[in-house]
>>> print(open('target34.cif').read())   # mmCIF, C-alpha atoms and all ligand atoms
data_upload
loop_
_atom_site.label_atom_id
_atom_site.label_comp_id
_atom_site.auth_asym_id
_atom_site.auth_seq_id
_atom_site.Cartn_x
_atom_site.Cartn_y
_atom_site.Cartn_z
CA MET D 238 0.00 0.00 0.00
CA ALA D 239 1.32 3.44 -0.87
CA GLU D 240 0.37 7.04 -1.53
CA LYS D 241 -1.11 6.20 -4.94
CA ASP D 242 -3.67 4.00 -3.21
CA LEU D 243 -5.25 6.95 -1.37
CA PRO D 244 -8.89 7.45 -2.30
CA PHE D 245 -8.29 11.13 -3.16
CA ASP D 246 -5.79 13.06 -5.27
CA ILE D 247 -4.58 15.80 -2.96
CA GLU D 248 -2.27 17.34 -5.58
CA SER D 249 -5.08 18.15 -7.98
CA ILE D 250 -7.27 19.51 -5.16
CA VAL D 251 -4.46 21.91 -4.18
CA ASN D 252 -3.79 22.91 -7.78
CA LYS D 253 -7.43 23.63 -8.44
CA ALA D 254 -7.76 25.66 -5.22
CA LEU D 255 -4.69 27.73 -6.06
CA GLU D 256 -5.93 28.35 -9.57
CA GLU D 257 -9.28 29.60 -8.27
CA LEU D 258 -7.56 31.79 -5.69
CA ASN D 259 -5.30 33.28 -8.29
CA GLY D 260 -8.14 34.66 -10.34
CA MET D 261 -9.77 36.48 -7.42
CA ASP D 262 -9.63 40.17 -6.59
CA ARG D 263 -12.63 40.73 -4.33
CA ASP D 264 -13.03 40.08 -0.61
CA ALA D 265 -16.43 38.47 -1.16
CA ASP D 266 -14.97 35.85 -3.55
CA LEU D 267 -12.16 35.12 -1.12
CA GLU D 268 -14.68 34.41 1.62
CA LYS D 269 -16.60 32.03 -0.67
CA TRP D 270 -13.37 30.24 -1.49
CA ARG D 271 -12.49 29.93 2.19
CA LEU D 272 -15.87 28.38 2.98
CA LYS D 273 -15.61 26.00 0.00
CA TYR D 274 -12.30 24.58 1.19
CA PHE D 275 -12.13 25.24 4.92
CA GLY D 276 -15.75 25.72 5.96
CA ARG D 277 -17.42 23.32 8.39
CA LYS D 278 -18.80 21.37 5.44
CA GLY D 279 -15.91 22.26 3.15
CA ILE D 280 -13.67 20.01 1.09
CA PHE D 281 -11.01 19.64 3.79
CA ALA D 282 -13.59 18.77 6.45
CA ASP D 283 -14.74 15.97 4.12
CA LEU D 284 -11.20 14.80 3.51
CA THR D 285 -10.42 14.69 7.22
CA GLY D 286 -13.72 12.90 7.84
CA SER D 287 -12.80 10.24 5.30
CA ILE D 288 -9.60 9.20 7.08
CA PRO D 289 -11.21 6.54 9.34
CA LYS D 290 -12.59 4.85 6.24
CA ILE D 291 -9.16 4.46 4.69
CA GLU D 292 -7.15 1.28 5.09
CA GLN D 293 -5.30 1.53 8.41
CA SER D 294 -1.70 1.62 7.19
CA LEU D 295 -2.52 4.54 4.87
CA ARG D 296 -4.13 6.74 7.54
CA PRO D 297 -0.93 8.49 8.74
CA ILE D 298 0.05 9.24 5.13
CA ALA D 299 -3.39 10.66 4.43
CA GLY D 300 -3.25 12.83 7.60
CA THR D 301 0.15 14.25 6.75
CA LYS D 302 -0.86 14.97 3.16
CA ILE D 303 -4.05 16.73 4.19
CA ASN D 304 -2.28 18.84 6.81
CA SER D 305 0.49 19.99 4.53
CA ALA D 306 -2.04 20.86 1.80
CA LYS D 307 -4.03 22.89 4.36
CA ARG D 308 -0.91 24.78 5.42
CA GLN D 309 0.00 25.57 1.83
CA LEU D 310 -3.48 26.81 0.94
CA ASN D 311 -3.83 28.81 4.15
CA ALA D 312 -0.57 30.65 3.44
CA ALA D 313 -1.67 31.38 -0.13
CA PHE D 314 -5.02 32.61 1.15
CA GLU D 315 -3.52 34.99 3.74
CA GLU D 316 -1.14 36.41 1.17
CA LYS D 317 -3.95 36.93 -1.33
CA LYS D 318 -6.12 38.56 1.31
CA LYS D 319 -3.35 41.04 2.13
CA ARG D 320 -2.92 41.96 -1.52
CA VAL D 321 -6.63 42.44 -2.06
CA SER D 322 -7.15 44.50 1.09
CA CYS D 323 -4.31 46.94 0.34
CA GLY D 324 -5.46 47.38 -3.25
CA VAL D 325 -2.52 45.69 -4.96
CA GLU D 326 -4.85 43.49 -7.01
CA ALA D 327 -6.00 45.11 -10.24
CA ASN D 328 -9.75 45.11 -9.59
CA SER D 329 -9.81 45.29 -5.78
CA GLU D 330 -12.86 46.83 -4.19
CA ILE D 331 -10.53 48.87 -1.97
CA LYS D 332 -8.25 51.10 -3.96
CA MET D 333 -5.22 52.96 -2.72
CA ASN D 334 -6.25 56.30 -1.25
CA PHE D 335 -3.51 58.77 -2.02
CA THR D 336 -5.21 61.57 -0.12
CA LEU D 337 -4.74 59.87 3.27
CA SER D 338 -2.06 61.43 5.44
CA GLY D 339 1.03 59.22 5.76
CA LEU D 340 2.33 57.47 8.85
CA LYS D 341 3.86 59.99 11.22
CA PRO D 342 7.56 59.23 11.64
CA ASP D 343 8.61 59.00 15.27
CA TYR D 344 11.04 61.70 16.27
CA GLY D 345 13.68 61.80 18.96
CA SER D 346 13.89 63.87 22.13
CA LEU D 347 16.69 65.55 23.99
CA HIS D 348 18.20 63.88 27.03
CA PRO D 349 17.40 65.66 30.33
CA ILE D 350 21.15 66.25 30.86
CA THR D 351 21.31 67.98 27.46
CA LEU D 352 18.20 70.05 28.25
CA VAL D 353 19.60 71.23 31.60
CA SER D 354 23.06 71.87 30.10
CA ARG D 355 21.55 74.02 27.35
CA GLU D 356 19.49 75.95 29.87
CA ILE D 357 22.57 76.62 32.00
CA VAL D 358 24.54 77.77 28.96
CA ARG D 359 21.67 80.06 27.96
CA ILE D 360 21.56 81.71 31.40
CA PHE D 361 25.31 82.27 31.62
CA HIS D 362 25.54 83.44 28.01
CA GLY D 363 23.15 86.18 29.02
CA LEU D 364 25.60 87.21 31.75
CA GLY D 365 28.52 87.32 29.31
CA PHE D 366 30.12 84.00 30.26
CA GLY D 367 31.94 82.05 27.55
CA VAL D 368 31.69 78.25 27.36
CA HIS D 369 34.86 76.16 27.56
CA THR D 370 35.71 72.49 27.72
CA GLY D 371 38.66 70.51 28.99
CA PRO D 372 39.91 66.93 28.66
CA GLU D 373 38.20 64.12 30.56
CA ILE D 374 41.57 62.40 31.02
CA GLU D 375 43.59 64.71 33.23
CA THR D 376 46.92 64.86 34.93
CA ASP D 377 47.34 64.90 38.68
CA PHE D 378 48.61 68.48 38.35
CA TYR D 379 45.40 69.91 36.86
CA ASN D 380 42.98 67.75 38.82
CA PHE D 381 44.62 68.16 42.26
CA GLU D 382 47.92 69.93 42.62
CA ALA D 383 47.12 73.21 40.82
CA LEU D 384 43.86 73.31 42.79
CA ASN D 385 45.79 73.55 46.03
CA MET D 386 45.74 69.82 46.80
CA PRO D 387 49.37 68.69 46.84
CA VAL D 388 50.21 64.98 47.16
CA ASP D 389 49.00 63.62 50.53
CA HIS D 390 46.66 66.56 51.06
CA PRO D 391 43.77 65.15 53.09
CA ALA D 392 41.21 66.81 50.80
CA ARG D 393 42.11 64.29 48.08
CA ASP D 394 40.13 61.74 50.05
CA MET D 395 36.98 63.68 49.12
CA TRP D 396 37.46 62.47 45.55
CA ASP D 397 37.79 58.74 45.05
CA THR D 398 39.75 58.67 41.83
CA PHE D 399 40.04 56.40 38.77
CA TYR D 400 43.76 56.33 37.98
CA LEU D 401 44.83 55.31 34.48
CA ASP D 402 48.50 54.64 35.17
CA SER D 403 50.39 52.93 37.95
CA LYS D 404 52.33 56.07 38.92
CA ARG D 405 48.99 57.76 39.66
CA LYS D 406 49.77 60.73 37.42
CA ILE D 407 47.07 60.22 34.75
CA LEU D 408 43.46 59.98 35.84
CA LEU D 409 39.83 60.50 34.89
CA ARG D 410 38.98 63.97 36.16
CA THR D 411 37.01 63.89 39.41
CA HIS D 412 35.50 67.34 38.84
CA THR D 413 35.38 70.05 36.16
CA SER D 414 37.59 72.36 38.25
CA PRO D 415 40.77 71.52 36.23
CA VAL D 416 39.20 73.57 33.42
CA GLN D 417 39.68 76.63 35.68
CA ILE D 418 43.45 76.13 35.62
CA ARG D 419 43.55 75.47 31.87
CA VAL D 420 41.53 78.63 31.20
CA LEU D 421 43.61 80.77 33.58
CA GLU D 422 46.78 79.58 31.83
CA LYS D 423 45.44 80.41 28.38
CA LEU D 424 43.02 83.34 28.46
CA PRO D 425 43.75 86.95 29.36
CA VAL D 426 42.07 88.33 32.50
CA PRO D 427 39.50 89.63 33.24
CA LEU D 428 37.48 86.60 32.19
CA ARG D 429 34.24 84.79 32.91
CA ILE D 430 33.60 81.26 31.73
CA ILE D 431 31.60 78.14 32.43
CA ALA D 432 32.63 74.58 31.58
CA ILE D 433 30.25 71.64 31.34
CA GLY D 434 31.32 68.04 31.10
CA LYS D 435 31.56 64.49 32.39
CA THR D 436 33.31 63.73 35.66
CA PHE D 437 34.28 60.39 37.18
CA ARG D 438 34.53 59.00 40.70
CA ARG D 439 34.77 55.53 42.14
CA ASP D 440 31.26 55.70 43.50
CA ALA D 441 28.70 52.95 43.83
CA PHE D 442 26.03 52.78 41.13
CA ASP D 443 22.78 53.18 43.03
CA ALA D 444 19.72 55.44 43.11
CA SER D 445 21.73 58.51 44.12
CA HIS D 446 25.31 57.72 43.01
CA SER D 447 26.90 57.11 39.64
CA PRO D 448 30.58 56.64 38.73
CA VAL D 449 30.01 58.97 35.75
CA PHE D 450 28.16 62.23 36.20
CA HIS D 451 28.13 65.78 34.87
CA GLN D 452 29.20 69.06 36.36
CA VAL D 453 29.10 72.71 35.46
CA GLU D 454 32.04 74.78 36.56
CA GLY D 455 32.10 78.56 36.61
CA LEU D 456 34.90 81.06 36.98
CA MET D 457 34.95 84.86 37.01
CA VAL D 458 38.26 86.65 37.49
CA GLY D 459 39.10 90.34 37.41
CA TYR D 460 40.41 93.23 39.48
CA ASP D 461 37.38 94.07 41.53
CA ILE D 462 35.46 90.83 41.89
CA THR D 463 34.05 90.35 45.38
CA PHE D 464 31.85 87.89 47.24
CA SER D 465 28.90 90.19 46.43
CA ASN D 466 29.42 89.45 42.73
CA LEU D 467 29.44 85.74 43.51
CA LYS D 468 26.18 86.05 45.43
CA ALA D 469 24.49 88.15 42.77
CA VAL D 470 25.51 85.92 39.84
CA LEU D 471 24.58 82.66 41.56
CA ALA D 472 21.29 83.98 42.93
CA PHE D 473 20.35 85.16 39.43
CA PHE D 474 21.35 81.79 37.97
CA LEU D 475 19.34 79.77 40.50
CA ARG D 476 16.21 81.94 40.13
CA GLU D 477 16.38 81.65 36.34
CA LEU D 478 16.78 77.88 36.61
CA PHE D 479 14.26 77.05 39.34
CA GLY D 480 11.89 80.03 39.31
CA PRO D 481 11.79 83.46 40.96
CA GLU D 482 9.96 82.23 44.06
CA ILE D 483 12.77 80.06 45.47
CA LYS D 484 14.71 81.08 48.59
CA ILE D 485 18.50 80.85 48.53
CA ARG D 486 20.77 80.01 51.46
CA PHE D 487 24.54 80.46 51.75
CA LEU D 488 26.41 78.44 54.39
CA PRO D 489 30.15 78.46 55.08
CA SER D 490 31.95 75.44 53.67
CA TYR D 491 35.41 74.19 52.75
CA PHE D 492 37.08 73.56 49.40
CA PRO D 493 40.87 73.55 49.00
CA PHE D 494 40.72 75.80 45.94
CA THR D 495 38.46 78.57 47.29
CA GLU D 496 38.68 80.80 50.36
CA PRO D 497 36.22 81.64 51.78
CA SER D 498 33.99 78.84 50.53
CA ALA D 499 30.24 78.43 50.62
CA GLU D 500 27.65 75.79 49.97
CA ILE D 501 24.51 77.14 48.40
CA SER D 502 21.06 75.63 48.82
CA ILE D 503 17.64 76.49 47.47
CA SER D 504 14.34 76.05 49.26
CA CYS D 505 13.02 72.60 48.31
CA VAL D 506 11.10 72.92 45.04
CA ILE D 507 9.14 69.78 45.79
CA CYS D 508 7.69 70.62 49.21
CA GLY D 509 8.20 74.39 49.06
CA GLY D 510 10.41 74.25 52.17
CA LYS D 511 8.01 72.36 54.44
CA GLY D 512 10.12 69.18 54.44
CA CYS D 513 9.86 66.02 52.33
CA GLN D 514 11.81 62.89 51.48
CA THR D 515 13.80 64.57 48.66
CA CYS D 516 15.14 67.33 50.95
CA ALA D 517 15.58 64.85 53.84
CA TRP D 518 12.94 66.84 55.79
CA SER D 519 15.23 69.90 55.94
CA GLY D 520 13.31 72.07 53.46
CA TRP D 521 16.59 72.81 51.60
CA LEU D 522 18.34 71.29 48.59
CA GLU D 523 22.08 71.80 48.27
CA ILE D 524 22.85 72.80 44.69
CA LEU D 525 26.19 74.58 44.42
CA GLY D 526 29.64 74.71 45.94
CA ALA D 527 31.39 78.05 45.47
CA GLY D 528 33.91 80.50 46.87
CA MET D 529 36.57 83.10 46.15
CA VAL D 530 39.48 81.69 44.14
CA HIS D 531 42.34 80.70 46.49
CA PRO D 532 45.53 82.78 45.89
CA GLU D 533 47.45 79.52 45.53
CA VAL D 534 45.31 78.61 42.48
CA PHE D 535 46.27 81.90 40.81
CA ARG D 536 49.93 81.25 41.62
CA LYS D 537 49.86 77.72 40.18
CA SER D 538 48.22 79.06 37.03
CA GLY D 539 51.05 81.53 36.55
CA LEU D 540 49.08 84.67 37.55
CA LYS D 541 51.17 86.76 39.91
CA ASP D 542 49.25 90.06 40.08
CA PRO D 543 48.15 90.32 43.74
CA ARG D 544 45.24 92.60 42.79
CA LEU D 545 43.47 89.76 40.95
CA THR D 546 40.41 88.28 42.60
CA GLY D 547 37.70 86.00 41.39
CA PHE D 548 35.07 83.48 42.28
CA ALA D 549 34.45 79.92 41.19
CA PHE D 550 31.53 77.54 41.55
CA GLY D 551 30.52 74.03 40.64
CA ALA D 552 27.24 72.13 40.49
CA GLY D 553 26.09 68.63 39.56
CA ILE D 554 24.00 68.68 36.40
CA ASP D 555 22.52 65.23 37.07
CA ARG D 556 21.30 66.47 40.44
CA ILE D 557 19.81 69.62 38.92
CA ALA D 558 18.04 67.51 36.24
CA MET D 559 16.72 65.13 38.91
CA ILE D 560 15.31 68.01 40.97
CA LYS D 561 13.95 69.91 37.98
CA TYR D 562 12.23 66.91 36.41
CA ARG D 563 11.45 65.02 39.66
CA ILE D 564 13.58 62.02 38.68
CA ASP D 565 13.98 59.75 41.69
CA ASP D 566 16.84 57.51 40.50
CA ILE D 567 20.06 58.74 38.87
CA ARG D 568 20.33 55.45 36.95
CA HIS D 569 17.40 56.49 34.74
CA LEU D 570 19.77 59.04 33.22
CA SER D 571 22.11 56.38 31.84
CA PHE D 572 19.85 53.40 31.09
CA ASN D 573 18.65 54.95 27.80
CA ASP D 574 15.15 53.52 28.16
CA ILE D 575 13.27 55.13 25.29
CA ARG D 576 10.01 55.21 27.30
CA PHE D 577 11.75 57.32 29.97
CA LEU D 578 13.59 59.57 27.52
CA ASN D 579 10.49 60.23 25.39
CA GLN D 580 8.94 62.19 28.25
CA PHE D 581 11.38 65.07 27.72
CA ARG D 582 10.18 66.68 24.50
ZN ZN T 601 11.35 68.97 50.31
#
>>> encode(input="target34.cif", output="structure tokens")
Amino acid sequence: MAEKDLPFDIESIVNKALEELNGMDRDADLEKWRLKYFGRKGIFADLTGSIPKIEQSLRPIAGTKINSAKRQLNAAFEEKKKRVSCGVEANSEIKMNFTLSGLKPDYGSLHPITLVSREIVRIFHGLGFGVHTGPEIETDFYNFEALNMPVDHPARDMWDTFYLDSKRKILLRTHTSPVQIRVLEKLPVPLRIIAIGKTFRRDAFDASHSPVFHQVEGLMVGYDITFSNLKAVLAFFLRELFGPEIKIRFLPSYFPFTEPSAEISISCVICGGKGCQTCAWSGWLEILGAGMVHPEVFRKSGLKDPRLTGFAFGAGIDRIAMIKYRIDDIRHLSFNDIRFLNQFR
């Protein structure tokens, strides 16, 4: 017993079905065809129903043949249906409608770090500050020594550093402050600049820490720059950035490269100063570190005029973005999840 002994000729059934399908260009005909072959009382239902009547050893062959024919015809049917419904077939009932508007292409959005950086640049441009950059790979001199942190200075512990060579002379900058030195070496005074860029520290990667983050550095140097200028510039900056209603607080602080130094907070923009989780129930958010440029920094930069004064400041852009856009986990800023990023249009 073999295939030729089957009581039906599956090949010619398939050929006939395909031929009929080929000539069709209307949905209604397609539906008739489907019922003829695959309906409850259709040709394939009959074929399947005839299997028990076939001689036993031929039944598996018959089953396989019927199934593969069904698969082939189903695929041809789906393909034909697609062509008819999108008007590819010559006499389709549905024609192409060229007046319909096209599919809207999806467009990208700017990263919150980019948005905040641009906003900061805009504010300081308005105050006459130029924008500078410096290398991310720095030398010990620019990152520490010229900023009044000689080897073994205890303040170096504040910055857990990625060193790139075994002699600990080449490193990933731990802050944007080295740009101050590079600018002071190069540009004539008086000057006012900001520098924005990536910084690196050996921090854990959790909700509030990241080994890579962004800072903005500012520097204003001249012959009559005082702490009042620092206060005025930074208060203007913070009110532009967070709104005119915020309160600003200056507290004494310590940085090796400024003297005196201050840490600057704004009233919490989330709770309005009443106290919440974000401000650790203090009502204040620390935003900036700042101070008057330390004379040693001028000396290391090759500026010897004792009449020169200036102020410098630094702020974390990631932190500003998190506060401004109410982002609760710094890791969102580097995961590149398109659903997160699409919110910032
Ligand atoms: Zn708060």
>>> closest_atom_pairs(input="target34.cif", of="chain D", to="ligand ZN 601 (chain T)", cutoff="7 Å", atoms="all atoms listed in the file", output="CSV")
residue,atom,partner,partner_atom,distance
D:Cys505,CA,T:ZN601,ZN,4.5
D:Val506,CA,T:ZN601,ZN,6.6
D:Ile507,CA,T:ZN601,ZN,5.1
D:Cys508,CA,T:ZN601,ZN,4.2
D:Gly509,CA,T:ZN601,ZN,6.4
D:Gly510,CA,T:ZN601,ZN,5.7
D:Lys511,CA,T:ZN601,ZN,6.3
D:Gly512,CA,T:ZN601,ZN,4.3
D:Cys513,CA,T:ZN601,ZN,3.9
D:Gln514,CA,T:ZN601,ZN,6.2
D:Thr515,CA,T:ZN601,ZN,5.3
D:Cys516,CA,T:ZN601,ZN,4.2
D:Ala517,CA,T:ZN601,ZN,6.9
D:Trp518,CA,T:ZN601,ZN,6.1
D:Ser519,CA,T:ZN601,ZN,6.9
D:Gly520,CA,T:ZN601,ZN,4.8
D:Trp521,CA,T:ZN601,ZN,6.6
>>> write_last_selection(input="target34.cif", atoms="C-alpha atoms", output="PDB file, in the frame of the given file")
ATOM      1  CA  CYS D 505      13.020  72.600  48.310  1.00  0.00           C
ATOM      2  CA  VAL D 506      11.100  72.920  45.040  1.00  0.00           C
ATOM      3  CA  ILE D 507       9.140  69.780  45.790  1.00  0.00           C
ATOM      4  CA  CYS D 508       7.690  70.620  49.210  1.00  0.00           C
ATOM      5  CA  GLY D 509       8.200  74.390  49.060  1.00  0.00           C
ATOM      6  CA  GLY D 510      10.410  74.250  52.170  1.00  0.00           C
ATOM      7  CA  LYS D 511       8.010  72.360  54.440  1.00  0.00           C
ATOM      8  CA  GLY D 512      10.120  69.180  54.440  1.00  0.00           C
ATOM      9  CA  CYS D 513       9.860  66.020  52.330  1.00  0.00           C
ATOM     10  CA  GLN D 514      11.810  62.890  51.480  1.00  0.00           C
ATOM     11  CA  THR D 515      13.800  64.570  48.660  1.00  0.00           C
ATOM     12  CA  CYS D 516      15.140  67.330  50.950  1.00  0.00           C
ATOM     13  CA  ALA D 517      15.580  64.850  53.840  1.00  0.00           C
ATOM     14  CA  TRP D 518      12.940  66.840  55.790  1.00  0.00           C
ATOM     15  CA  SER D 519      15.230  69.900  55.940  1.00  0.00           C
ATOM     16  CA  GLY D 520      13.310  72.070  53.460  1.00  0.00           C
ATOM     17  CA  TRP D 521      16.590  72.810  51.600  1.00  0.00           C
TER      18      TRP D 521
END
>>> atom_distance(input="target34.cif", atom1="atom CA of D:Glu454", atom2="atom CA of D:Met559")
18.3 Å
>>> residues_around(input="target34.cif", residues="stretch 369-377 of chain D", least_positions_apart="5", cutoff="9 Å", atoms="all atoms listed in the file", output="PyMOL selection string")
chain D and resi 382-383+388+401+405-411+413+415-416+419-420+430-437
>>> write_last_selection(input="target34.cif", atoms="C-alpha atoms", output="compact mmCIF listing (two decimals), in the frame of the given file")
# COMPACT_ATOMS: atom_id res chain seq x y z
CA GLU D 382 47.92 69.93 42.62
CA ALA D 383 47.12 73.21 40.82
CA VAL D 388 50.21 64.98 47.16
CA LEU D 401 44.83 55.31 34.48
CA ARG D 405 48.99 57.76 39.66
CA LYS D 406 49.77 60.73 37.42
CA ILE D 407 47.07 60.22 34.75
CA LEU D 408 43.46 59.98 35.84
CA LEU D 409 39.83 60.50 34.89
CA ARG D 410 38.98 63.97 36.16
CA THR D 411 37.01 63.89 39.41
CA THR D 413 35.38 70.05 36.16
CA PRO D 415 40.77 71.52 36.23
CA VAL D 416 39.20 73.57 33.42
CA ARG D 419 43.55 75.47 31.87
CA VAL D 420 41.53 78.63 31.20
CA ILE D 430 33.60 81.26 31.73
CA ILE D 431 31.60 78.14 32.43
CA ALA D 432 32.63 74.58 31.58
CA ILE D 433 30.25 71.64 31.34
CA GLY D 434 31.32 68.04 31.10
CA LYS D 435 31.56 64.49 32.39
CA THR D 436 33.31 63.73 35.66
CA PHE D 437 34.28 60.39 37.18
>>> residues_around(input="target34.cif", residues="D:Ile350", least_positions_apart="3", cutoff="12 Å", atoms="only C-alpha atoms", output="JSON, numbers by chain")
{"D": [346, 347, 353, 354, 355, 356, 357, 433, 434, 435, 450, 451, 452, 453, 553, 554, 555, 556, 557, 558, 559, 560, 561, 562, 564, 567, 569, 570, 571, 573, 578, 581]}
>>> residues_around(input="target34.cif", residues="D:Asp343", least_positions_apart="3", cutoff="12 Å", atoms="all atoms listed in the file", output="JSON, numbers by chain")
{"D": [340, 346, 575, 579]}
>>> atom_distance(input="target34.cif", atom1="atom CA of D:Ser305", atom2="atom CA of D:Leu267")
20.5 Å
>>> atom_distance(input="target34.cif", atom1="atom CA of D:Ile501", atom2="atom CA of D:Ile418")
22.9 Å
>>> closest_residue(input="target34.cif", among="D:Lys319, D:Gly363, D:Asp266, D:Thr495", to="D:Phe473", atoms="all atoms listed in the file")
D:Gly363
>>> closest_residue(input="target34.cif", among="D:Phe487, D:Phe492, D:Phe550, D:Tyr344", to="D:Trp396", atoms="only C-alpha atoms")
D:Phe492
